[in-house]
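Beneath this line is the structure, given in structure tokens, with notes to follow.
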Number of protein chains: 2
Amino acid sequence: MKLTVLGIGSASPQVGKNPSAFLVSFSNEHILIDCGEGTQYRLLEKSIKVSRIKTICISHLHGDHYFGLIGLLSSMNLSSRKEPMTLIGPEPLLDILNVQFVAANTSLGFELNFIKTDNSKSEMLFENKTFSIETIPLIHRVPCTGYKITEKEGRRHLIPEKLPENFPVAFINLLKDGEDVTDPLSQEVFKSLDYTRKGEPAKVFSYCSDTAYNPAIVPIIGASDLVYHEATFTKELEARAEKTQHSTAEQAAKIAEAAEVKKMILGHLSSRYKTTDRHFEEAEKVSDRVEMAIEGAVYKI
Amino acid sequence: MKLTVLGIGSASPQVGKNPSAFLVSFSNEHILIDCGEGTQYRLLEKSIKVSRIKTICISHLHGDHYFGLIGLLSSMNLSSRKEPMTLIGPEPLLDILNVQFVAANTSLGFELNFIKTDNSKSEMLFENKTFSIETIPLIHRVPCTGYKITEKEGRRHLIPEKLPENFPVAFINLLKDGEDVTDPLSQEVFKSLDYTRKGEPAKVFSYCSDTAYNPAIVPIIGASDLVYHEATFTKELEARAEKTQHSTAEQAAKIAEAAEVKKMILGHLSSRYKTTDRHFEEAEKVSDRVEMAIEGAVYKI
């Protein structure tokens, strides 16, 4: 699993900064989390195959987190996408899309499976062979959920030197899937545990934007290998953070420390800040788990 | 009056091309025509004061012509705009904006005066001291209107050497406005025509995108100093142009020639074309009034 940071800007547009968009990638598919204006152009610039985005999660309906969605879906449709798309987000999102599709006289050539979020609780909303998606209830001025993406434990690795010669390939795949195999001729039983070792451990990425300081998320994000957390303000604007239901860098760092996450990256800084220095200074005092997120960077999870 | 070309891309996103957006500028205000995704970032990059955009005209509700509007209006609101905005476009546009403002719990801090277009006829929809806006009915898959912007004849120029010494400034302004002035003491009459000469002639810019070949617009755009016309296809795809209700470069050039416009610039090329060469060749054979539009260029009208 890897994370590509497509945008970490906040609501006011800034030259050289893009609004929120994050791509979580597996070997053969992507999850897009949030989709600020222009996200489809960022994907294009990075030569990311949008046909491989099979799931899109929208945290909340402030424009800097979703105004690029209608454009991305429209372009997917123009490029004759047939693959279904799972879309997860707040309930009004589907109406917002539909009123625009109707105005353009567009019928989507692919299925849009919409799953609505409920930010009163954490729930598992999607699961396939590779990963699961749970919500993280956040506190913001409009209903807002973060997302916890868990990449499942990898397939077991074969220990080839233990196997007899000419062992059938079909049997190997079963062993890797953890199943025991009986040879139909000899009736000999090959136990998966004897011929394979543990696959890659499960990995967790948590996305927490936008939110007021919210220690209630600590038990949910606790096992995360990487967390993206918003840090709109510095300490001197803590009152403003509370009023607008955003976090300070220090508050985000407190969450990182309490949840003992492996690494937390901070973004969504207010456009009033010209550098990330003060945010980092304030966060660093509380936790050495915290870094400033870098737009365009790819993080291996 | 000048035209800044912010985007001439067509529906499929392309690296380094932006979807439709055009800024018509006067000394102290701008009109934005169409507002594809990312337009607010183009304006920001060019340091254009968005507070001076007082009118926005949307041609039709295909995404490459308006998906950037909600973001631009939201950002104007975030920056505490108070100045009213006139928005001209197809009727469903207001609903599309409102459903998004409601979801974001946003009430605009400025008045949004919406004027709906009716593409069954050409009408004068807006007029102030500086310019007027008329619609140009276009033929497309959804209701679509072009816009004809007429900059009014400039204020008359004073001929200072004709005036008596110490002539009051207040009187000068009246003369420039074309009014005759009577000196309250001497009762002497100063005729505007005697002391001023004609101001700048009226100038006309016409915007025609998207449209099938439509000679009915010729009498409307006839007096134009500059026309932007779409030219999605080359001649070999004329059947496709007809089906999708777009124009070929040759068809656009025929319009330029029939309307005897001073200059026509072509854009909105299908993303299948990597250069503009074939479009230009085909247009040039029909009319020497035609050039290819250049993204980012500023045209003095």
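Chains: A, B, ... in order of the structure tokens. Residues: from 1 per chain. Ligands: from 1, in order shown.
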> Taking only C-alpha atoms into account, what are the residues of chain B at most 10 Å from chain A, put as number ranges by chain?
Replying inline: B: 11-18, 36-47, 60-64, 66-72, 74-79, 90-93, 95-106, 141-143
> Residues of segment 15-257 of chain B in strand (DSSP E) according to DSSP, as number ranges by chain?
Replying inline: B: 21-25, 30-35, 53-57, 85-89, 112-116, 124-127, 131-137, 145-151, 157-158, 181-182, 189-190, 196-197, 203-208, 226-230
>> With only C-alpha atoms as the counted atoms, please give the residues lying no more than 10 Å from Met124 of chain B, apart from itself and same-chain residues fewer than 2 positions off, as a PyMOL selection string.
In response: chain B and resi 122+126-127+132-136+147-149
Take the residues from that selection and put them in a file with C-alpha atoms, as a PDB file, in the first residue's frame.
```
ATOM      1  CA  SER B 122     -30.896  36.531 -29.403  1.00  0.00           C
ATOM      2  CA  PHE B 126     -27.401  43.073 -19.517  1.00  0.00           C
ATOM      3  CA  GLU B 127     -26.290  46.642 -20.043  1.00  0.00           C
ATOM      4  CA  SER B 132     -23.838  45.387 -23.132  1.00  0.00           C
ATOM      5  CA  ILE B 133     -24.278  41.615 -23.310  1.00  0.00           C
ATOM      6  CA  GLU B 134     -26.460  39.964 -25.940  1.00  0.00           C
ATOM      7  CA  THR B 135     -26.930  36.248 -26.407  1.00  0.00           C
ATOM      8  CA  ILE B 136     -26.104  34.325 -29.581  1.00  0.00           C
ATOM      9  CA  TYR B 147     -22.366  35.967 -25.955  1.00  0.00           C
ATOM     10  CA  LYS B 148     -21.812  39.187 -27.842  1.00  0.00           C
ATOM     11  CA  ILE B 149     -20.119  41.806 -25.706  1.00  0.00           C
TER      12      ILE B 149
END
```
> For Gly89 of chain B, which residue out of B:Ala293, B:Ala252, B:Cys35, B:Ala170 is the nearest one, using only C-alpha atoms?
Replying inline: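 Closest residue, counting only C-alpha atoms: B:Cys35.
The nearest approach to Ser209 of chain B among the residues B:Lys262, B:His140, B:His30, B:Lys82, with only C-alpha atoms taken into account, belongs to B:His140.
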> Could you pull the residues within 12 Å of Lys203 of chain A, counting only C-alpha atoms, minus those fewer than 4 positions along the same chain, as an NGL selection string?
Replying inline: :A and (1-3 or 24 or 26 or 130-132 or 148-154 or 199 or 221-227 or 261-262 or 300-301)
> Using only C-alpha atoms, which of A:Val181, A:Leu87, A:Val204, A:Ile217 sits nearest Ile139 of chain A?
Replying inline: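 When distances to Ile139 of chain A are compared using only C-alpha atoms, the smallest one comes from A:Ile217.
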>> I want to know what sits within 12 Å of Glu29 of chain B, based on only C-alpha atoms, with residues of the same chain fewer than 2 positions away left out; could you give that as a PyMOL selection string?
In response: chain B and resi 1-2+23-27+31-32+48-56+83+85+128-131
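Taking only C-alpha atoms, the non-local environment of segment 273-276 of chain A within 9 Å (same-chain residues fewer than 5 positions away omitted) comprises Phe233, Glu281 and Met292 of chain A.
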Please produce a file of the residues just selected, as a short mmCIF file (atom, residue, chain, number, x, y, z; two decimals), in the first residue's frame, where the atoms kept are C-alpha atoms.
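Just written: again-v3.cif:
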```cif
data_model
loop_
_atom_site.label_atom_id
_atom_site.label_comp_id
_atom_site.auth_asym_id
_atom_site.auth_seq_id
_atom_site.Cartn_x
_atom_site.Cartn_y
_atom_site.Cartn_z
CA PHE A 233 -3.74 26.51 12.55
CA GLU A 281 7.98 23.35 15.67
CA MET A 292 4.69 17.91 7.55
#
```
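Closest approach to Glu188 of chain B among B:Glu260, B:Pro164, B:Leu108, B:Leu174: B:Pro164, based on only C-alpha atoms.
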>> Taking 5 positions as the minimum chain separation for residues in the same chain, which residues sit within 7 Å of segment 266-270 of chain A when counting only C-alpha atoms? Answer as a ChimeraX atom specification.
In response: /A:8-10,228-233,291-293
> DSSP says helix (DSSP H, G or I) for which residues of segment 202-238 of chain A? Put them as a PyMOL selection string?
Replying inline: chain A and resi 215-221+235-238
> In terms of the shortest atom-to-atom distance over only C-alpha atoms, which of B:Ser247, B:Asn166, B:Asn214, B:Thr196 is closest to Gly178 of chain B?
Replying inline: B:Thr196
> Between B:Thr117, B:Ser107, B:Thr4, B:Ala212, which one has atoms that come closest to Glu242 of chain B, using only C-alpha atoms?
Replying inline: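 The closest residue to Glu242 of chain B is B:Ala212.
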